[in-house]
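Shown below: start-v7.tsv, with TSV, C-alpha atoms.
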chain	number	residue	atom	x	y	z
A	1	MET	CA	-16.23	18.85	24.23
A	2	ARG	CA	-14.71	15.80	25.82
A	3	ARG	CA	-11.05	14.84	25.68
A	4	ILE	CA	-10.21	11.19	25.16
A	5	ARG	CA	-6.99	9.81	26.58
A	6	ALA	CA	-5.44	6.44	25.79
A	7	GLN	CA	-1.81	5.45	26.28
A	8	GLY	CA	-0.50	9.00	26.02
A	9	MET	CA	-2.93	10.14	23.34
A	10	ASP	CA	-5.16	13.16	23.81
A	11	VAL	CA	-7.83	13.66	21.15
A	12	SER	CA	-10.43	16.42	21.21
A	13	SER	CA	-13.88	15.32	20.08
A	14	ASN	CA	-17.52	16.37	20.27
A	15	ASP	CA	-18.36	12.67	20.16
A	16	PRO	CA	-17.99	11.22	23.64
A	17	ALA	CA	-17.13	7.85	22.11
A	18	GLY	CA	-14.39	9.20	19.82
A	19	PRO	CA	-14.27	11.00	16.46
A	20	LEU	CA	-13.73	7.82	14.43
A	21	VAL	CA	-16.31	5.50	15.98
A	22	GLY	CA	-17.99	3.34	13.35
A	23	ARG	CA	-15.14	3.71	10.89
A	24	VAL	CA	-12.71	1.12	9.63
A	25	ALA	CA	-9.04	1.81	8.97
A	26	LEU	CA	-6.51	-0.23	7.07
A	27	VAL	CA	-2.91	0.53	8.06
A	28	THR	CA	0.12	-0.85	6.24
A	29	GLY	CA	3.47	-1.05	7.97
A	30	ALA	CA	1.40	-1.57	11.10
A	31	GLY	CA	3.76	-3.97	12.84
A	32	LYS	CA	6.36	-1.44	13.92
A	33	GLY	CA	7.27	2.21	14.17
A	34	LEU	CA	5.05	5.00	12.96
A	35	GLY	CA	2.51	2.67	11.32
A	36	ARG	CA	1.94	0.86	14.59
A	37	ALA	CA	1.69	4.13	16.52
A	38	ILE	CA	-0.86	5.51	14.05
A	39	ALA	CA	-2.90	2.29	14.18
A	40	GLN	CA	-3.10	2.60	17.96
A	41	GLY	CA	-4.06	6.26	17.66
A	42	LEU	CA	-6.88	5.53	15.24
A	43	ALA	CA	-8.15	2.78	17.55
A	44	ALA	CA	-8.04	5.14	20.53
A	45	ALA	CA	-10.22	7.51	18.52
A	46	GLY	CA	-12.76	4.73	17.95
A	47	ALA	CA	-11.85	3.10	14.62
A	48	ASP	CA	-11.59	-0.62	14.03
A	49	VAL	CA	-8.25	-1.38	12.41
A	50	ALA	CA	-6.97	-3.89	9.86
A	51	LEU	CA	-3.24	-4.31	10.44
A	52	VAL	CA	-1.08	-5.14	7.43
A	53	ALA	CA	2.64	-5.99	7.39
A	54	ARG	CA	4.81	-8.99	6.57
A	55	THR	CA	5.55	-10.23	10.09
A	56	ARG	CA	2.65	-11.85	11.94
A	57	VAL	CA	4.22	-11.68	15.40
A	58	ASP	CA	4.55	-7.89	15.12
A	59	LEU	CA	0.97	-7.61	13.92
A	60	GLU	CA	-0.29	-9.71	16.83
A	61	ALA	CA	1.38	-7.31	19.27
A	62	ALA	CA	-0.11	-4.33	17.44
A	63	ALA	CA	-3.53	-6.00	17.48
A	64	HIS	CA	-3.33	-6.32	21.27
A	65	GLU	CA	-2.73	-2.57	21.51
A	66	VAL	CA	-5.69	-1.85	19.24
A	67	GLU	CA	-7.97	-4.11	21.23
A	68	SER	CA	-6.82	-2.55	24.50
A	69	CYS	CA	-8.42	0.67	23.23
A	70	GLY	CA	-11.76	-1.10	22.87
A	71	ALA	CA	-11.57	-1.37	19.09
A	72	ARG	CA	-11.60	-4.46	16.90
A	73	ALA	CA	-8.38	-5.56	15.21
A	74	LEU	CA	-7.76	-7.69	12.14
A	75	VAL	CA	-4.34	-9.21	11.52
A	76	ALA	CA	-3.73	-9.43	7.78
A	77	PRO	CA	-0.14	-10.40	6.95
A	78	ALA	CA	0.88	-9.35	3.45
A	79	ASP	CA	3.79	-8.13	1.39
A	80	VAL	CA	2.41	-4.86	0.05
A	81	THR	CA	4.80	-4.86	-2.90
A	82	ASP	CA	2.76	-7.82	-4.21
A	83	GLY	CA	-0.53	-6.72	-5.78
A	84	VAL	CA	-2.14	-10.13	-5.30
A	85	GLN	CA	-1.40	-10.10	-1.57
A	86	VAL	CA	-2.62	-6.51	-1.32
A	87	ASP	CA	-5.93	-7.40	-2.95
A	88	ALA	CA	-6.30	-10.37	-0.60
A	89	ALA	CA	-5.69	-8.22	2.50
A	90	VAL	CA	-8.20	-5.63	1.32
A	91	ALA	CA	-10.79	-8.32	0.57
A	92	LYS	CA	-10.23	-9.86	4.02
A	93	THR	CA	-10.78	-6.46	5.62
A	94	VAL	CA	-14.05	-5.88	3.77
A	95	LEU	CA	-15.23	-9.42	4.57
A	96	THR	CA	-14.51	-8.83	8.27
A	97	PHE	CA	-15.62	-5.24	8.75
A	98	GLY	CA	-17.84	-4.54	5.72
A	99	HIS	CA	-16.06	-1.43	4.43
A	100	ILE	CA	-12.90	0.68	4.61
A	101	ASP	CA	-13.12	4.38	5.49
A	102	ILE	CA	-9.50	5.21	6.29
A	103	LEU	CA	-6.25	4.08	4.66
A	104	VAL	CA	-2.78	4.76	6.05
A	105	ASN	CA	0.20	3.72	3.93
A	106	ALA	CA	3.12	3.53	6.36
A	107	ALA	CA	5.00	0.59	4.86
A	108	GLY	CA	8.45	1.30	3.50
A	109	GLY	CA	12.16	0.83	3.83
A	110	SER	CA	15.35	2.81	3.42
A	111	LEU	CA	18.87	2.24	2.13
A	112	ARG	CA	21.85	4.32	3.21
A	113	LYS	CA	24.54	3.85	0.60
A	114	PRO	CA	26.49	6.04	-1.84
A	115	THR	CA	24.57	6.26	-5.11
A	116	LEU	CA	27.46	4.94	-7.22
A	117	GLU	CA	27.47	1.74	-5.15
A	118	ILE	CA	23.75	0.98	-5.46
A	119	SER	CA	22.81	-2.03	-7.57
A	120	ASP	CA	19.75	-2.25	-9.79
A	121	GLU	CA	18.20	-4.72	-7.37
A	122	GLU	CA	18.73	-2.41	-4.39
A	123	TRP	CA	17.24	0.55	-6.25
A	124	ASP	CA	14.22	-1.46	-7.39
A	125	GLY	CA	13.70	-2.81	-3.87
A	126	VAL	CA	13.51	0.61	-2.24
A	127	ILE	CA	11.21	1.98	-4.95
A	128	ALA	CA	8.95	-1.06	-4.59
A	129	ALA	CA	8.81	-0.86	-0.79
A	130	ASN	CA	7.94	2.83	-0.68
A	131	LEU	CA	6.34	3.94	-3.94
A	132	SER	CA	4.96	0.86	-5.70
A	133	SER	CA	3.43	-0.44	-2.47
A	134	THR	CA	1.66	2.89	-1.93
A	135	PHE	CA	0.29	2.77	-5.46
A	136	LYS	CA	-0.93	-0.83	-5.18
A	137	VAL	CA	-2.68	-0.32	-1.85
A	138	CYS	CA	-4.21	3.01	-2.94
A	139	ARG	CA	-5.46	1.37	-6.12
A	140	ALA	CA	-7.11	-1.50	-4.25
A	141	VAL	CA	-8.68	0.60	-1.50
A	142	GLY	CA	-9.35	3.58	-3.77
A	143	LYS	CA	-11.76	1.51	-5.87
A	144	LEU	CA	-13.87	0.93	-2.77
A	145	MET	CA	-13.69	4.52	-1.57
A	146	VAL	CA	-14.57	5.98	-4.96
A	147	ALA	CA	-17.55	3.62	-5.20
A	148	GLN	CA	-18.80	4.52	-1.72
A	149	ARG	CA	-18.03	8.21	-2.41
A	150	ALA	CA	-16.16	8.71	0.84
A	151	GLY	CA	-12.76	8.00	2.35
A	152	ALA	CA	-9.59	9.44	3.83
A	153	ILE	CA	-6.15	8.34	2.70
A	154	ILE	CA	-2.96	9.25	4.53
A	155	ASN	CA	0.30	8.40	2.80
A	156	ILE	CA	3.51	8.54	4.82
A	157	ALA	CA	6.37	10.20	2.97
A	158	SER	CA	9.45	11.76	4.57
A	159	THR	CA	11.37	14.99	4.74
A	160	ALA	CA	13.82	13.14	2.48
A	161	GLY	CA	11.17	13.49	-0.19
A	162	LEU	CA	11.12	17.26	0.26
A	163	ARG	CA	14.82	18.04	-0.12
A	164	GLY	CA	16.72	14.78	-0.58
A	165	ARG	CA	19.44	13.19	1.53
A	166	ALA	CA	22.99	12.29	0.60
A	167	ALA	CA	23.67	8.55	0.40
A	168	ASN	CA	19.90	7.99	0.49
A	169	ALA	CA	18.97	8.58	-3.14
A	170	PRO	CA	16.42	5.81	-3.83
A	171	TYR	CA	14.52	6.55	-0.62
A	172	SER	CA	14.54	10.29	-1.33
A	173	ALA	CA	13.31	9.68	-4.86
A	174	ALA	CA	10.58	7.26	-3.75
A	175	LYS	CA	9.24	9.56	-1.04
A	176	ALA	CA	9.22	12.56	-3.39
A	177	ALA	CA	7.21	10.44	-5.80
A	178	VAL	CA	4.80	9.43	-3.03
A	179	ILE	CA	4.08	13.12	-2.45
A	180	ASN	CA	3.22	13.88	-6.09
A	181	PHE	CA	1.40	10.58	-6.55
A	182	SER	CA	-0.78	11.54	-3.58
A	183	ARG	CA	-1.46	14.99	-5.02
A	184	ALA	CA	-2.43	13.41	-8.34
A	185	ILE	CA	-4.98	11.00	-6.89
A	186	ALA	CA	-6.25	13.72	-4.55
A	187	MET	CA	-7.29	15.63	-7.67
A	188	GLU	CA	-8.66	12.53	-9.39
A	189	TRP	CA	-10.82	11.34	-6.51
A	190	ALA	CA	-11.95	14.59	-4.88
A	191	ALA	CA	-15.21	14.62	-6.82
A	192	ASN	CA	-15.97	11.20	-5.30
A	193	GLY	CA	-15.52	12.42	-1.75
A	194	VAL	CA	-12.10	10.82	-1.23
A	195	ARG	CA	-9.42	12.94	0.44
A	196	VAL	CA	-5.72	12.16	0.11
A	197	ASN	CA	-3.06	13.79	2.27
A	198	VAL	CA	0.60	13.21	3.12
A	199	LEU	CA	2.57	13.21	6.34
A	200	ALA	CA	6.28	13.94	5.89
A	201	PRO	CA	8.02	13.07	9.18
A	202	GLY	CA	11.64	13.78	9.96
A	203	ARG	CA	13.64	11.61	12.35
A	204	PHE	CA	11.47	9.75	14.86
A	205	LEU	CA	12.43	7.23	17.51
A	206	THR	CA	11.45	3.89	15.96
A	207	PRO	CA	13.02	0.42	15.85
A	208	LEU	CA	14.82	1.49	12.66
A	209	THR	CA	16.47	4.52	14.28
A	210	GLU	CA	16.86	3.28	17.84
A	211	ALA	CA	20.33	1.78	17.40
A	212	GLU	CA	21.80	4.94	15.91
A	213	MET	CA	19.95	7.36	18.18
A	214	SER	CA	20.94	5.43	21.33
A	215	SER	CA	24.44	6.81	20.88
A	216	PRO	CA	24.62	10.13	22.80
A	217	GLU	CA	27.22	11.44	20.37
A	218	LYS	CA	25.18	10.62	17.26
A	219	TYR	CA	21.99	11.90	18.87
A	220	ALA	CA	23.62	15.21	19.79
A	221	ALA	CA	25.10	15.58	16.31
A	222	PHE	CA	21.72	15.01	14.69
A	223	VAL	CA	19.56	17.25	16.90
A	224	ARG	CA	22.06	20.07	16.50
A	225	HIS	CA	20.35	20.65	13.15
A	226	VAL	CA	16.81	20.45	14.54
A	227	PRO	CA	15.46	23.80	15.81
A	228	LEU	CA	13.34	22.10	18.50
A	229	GLY	CA	16.44	20.25	19.69
A	230	ARG	CA	15.20	16.64	19.67
A	231	ILE	CA	13.83	13.87	17.48
A	232	GLY	CA	10.16	12.98	17.30
A	233	ARG	CA	8.27	10.50	19.42
A	234	PRO	CA	5.89	8.08	17.63
A	235	GLU	CA	2.93	9.17	19.76
A	236	GLU	CA	3.31	12.72	18.39
A	237	ILE	CA	2.14	11.63	14.96
A	238	LYS	CA	-1.10	10.06	16.24
A	239	GLU	CA	-3.23	13.13	16.73
A	240	ILE	CA	-2.33	14.53	13.32
A	241	ALA	CA	-3.29	11.23	11.67
A	242	VAL	CA	-6.59	11.13	13.60
A	243	TRP	CA	-7.32	14.69	12.48
A	244	LEU	CA	-6.62	13.88	8.82
A	245	ALA	CA	-8.74	10.72	9.07
A	246	GLY	CA	-11.77	12.45	10.56
A	247	ASP	CA	-14.37	15.06	9.76
A	248	ALA	CA	-12.41	17.91	11.33
A	249	SER	CA	-10.22	17.97	8.20
A	250	ALA	CA	-13.08	17.60	5.72
A	251	TYR	CA	-11.79	20.52	3.61
A	252	VAL	CA	-8.20	19.28	3.49
A	253	THR	CA	-6.91	17.26	0.54
A	254	GLY	CA	-3.67	17.18	-1.42
A	255	SER	CA	-1.77	18.63	1.54
A	256	VAL	CA	1.67	17.71	2.86
A	257	ILE	CA	2.22	18.15	6.59
A	258	THR	CA	5.85	18.24	7.69
A	259	ILE	CA	6.59	16.89	11.17
A	260	ASP	CA	10.29	17.39	11.78
A	261	GLY	CA	10.88	19.86	14.62
A	262	GLY	CA	11.69	22.52	12.03
A	263	GLN	CA	14.65	20.70	10.52
A	264	THR	CA	13.72	21.45	6.92
A	265	LEU	CA	13.79	25.15	7.80
A	266	ALA	CA	17.31	25.03	9.22
Would you mind writing the file's structure down as structure tokens?
Amino acid sequence: MRRIRAQGMDVSSNDPAGPLVGRVALVTGAGKGLGRAIAQGLAAAGADVALVARTRVDLEAAAHEVESCGARALVAPADVTDGVQVDAAVAKTVLTFGHIDILVNAAGGSLRKPTLEISDEEWDGVIAANLSSTFKVCRAVGKLMVAQRAGAIINIASTAGLRGRAANAPYSAAKAAVINFSRAIAMEWAANGVRVNVLAPGRFLTPLTEAEMSSPEKYAAFVRHVPLGRIGRPEEIKEIAVWLAGDASAYVTGSVITIDGGQTLA
């Protein structure tokens, strides 16, 4: 067995070229944060990657990271709450790479606000960004995977979807729905060789959390409730995503993997 290292990633594989060589991944939310980290991890494991998000400049930077691993990258800007744009990004990926074997839905957005102060528009926006986008991308890519009778889907939820968070109701609701939506399609598509699993991360250091977590006082207050005593690093989610995307997890579907340093147990 050879171990493959790339930019902090360490993936075990019996394939000297990487466990995902020859496969194509489409990653939403790929411009920043966990989506970008996962895209780089899949590329380091050998997959070519279609990068989907709204901001082209972020995608170009992510594409450079993918290509630095020796994989091919496709920049496909799209608003994944828009079904027409989703279909276009999927079609562009198939035109470029010929097929899609792996889907990671990492797009989303949060809103921290007391529930009684949330407007209809704010509620609808968070549900669209997290839940409706996941549905629309899974629907578009799922048609291809069901037809080819193979595929691995990884939907990114949150520990907020497992137990809820105060002043974070629409996000908590959306991520809980992502979990059960994923379980439902896992049952629907299993007979067609399509596996669907969920990652439920806790607090990770990303551009969205960096401002808050850069305060020593706020950081200390948060990690006081985390048994492992720290927040997560984006690179720590890569290997789990590679495992779920590859053959090593061939008997895993409908599962939810919590990555939170034990916080949900506290």
Of the listed residues A:Ala186, A:Leu59, A:Ala47, A:Ala221, that which approaches Val24 of chain A most closely, counting only C-alpha atoms = A:Ala47
Proximity to Ala71 of chain A - best of A:Thr134, A:Asn168, A:Thr253, A:Gln40, all atoms listed in the file = A:Gln40
Kindly indicate which residue among A:Ala30, A:Ala37, A:Ala44, A:Ala266 lies nearest to Arg56 of chain A, using all atoms listed in the file for the distances.
->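 Going through A:Ala30, A:Ala37, A:Ala44, A:Ala266 one by one, the smallest distance to Arg56 of chain A is for A:Ala30.
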Using all atoms listed in the file, the best pick from A:Val226, A:Gly254, A:Ala107, A:Ile259 as closest to Ile240 of chain A would be A:Ile259
Find the residues with any atom within 12 Å of (-0.1, 1.4, -4.5); use all atoms listed in the file and the coordinates as given in the file, and write the answer as a VMD selection string.
-> chain A and resid 28 79 to 87 103 to 108 127 to 143 153 155 177 to 178 181 to 182 185
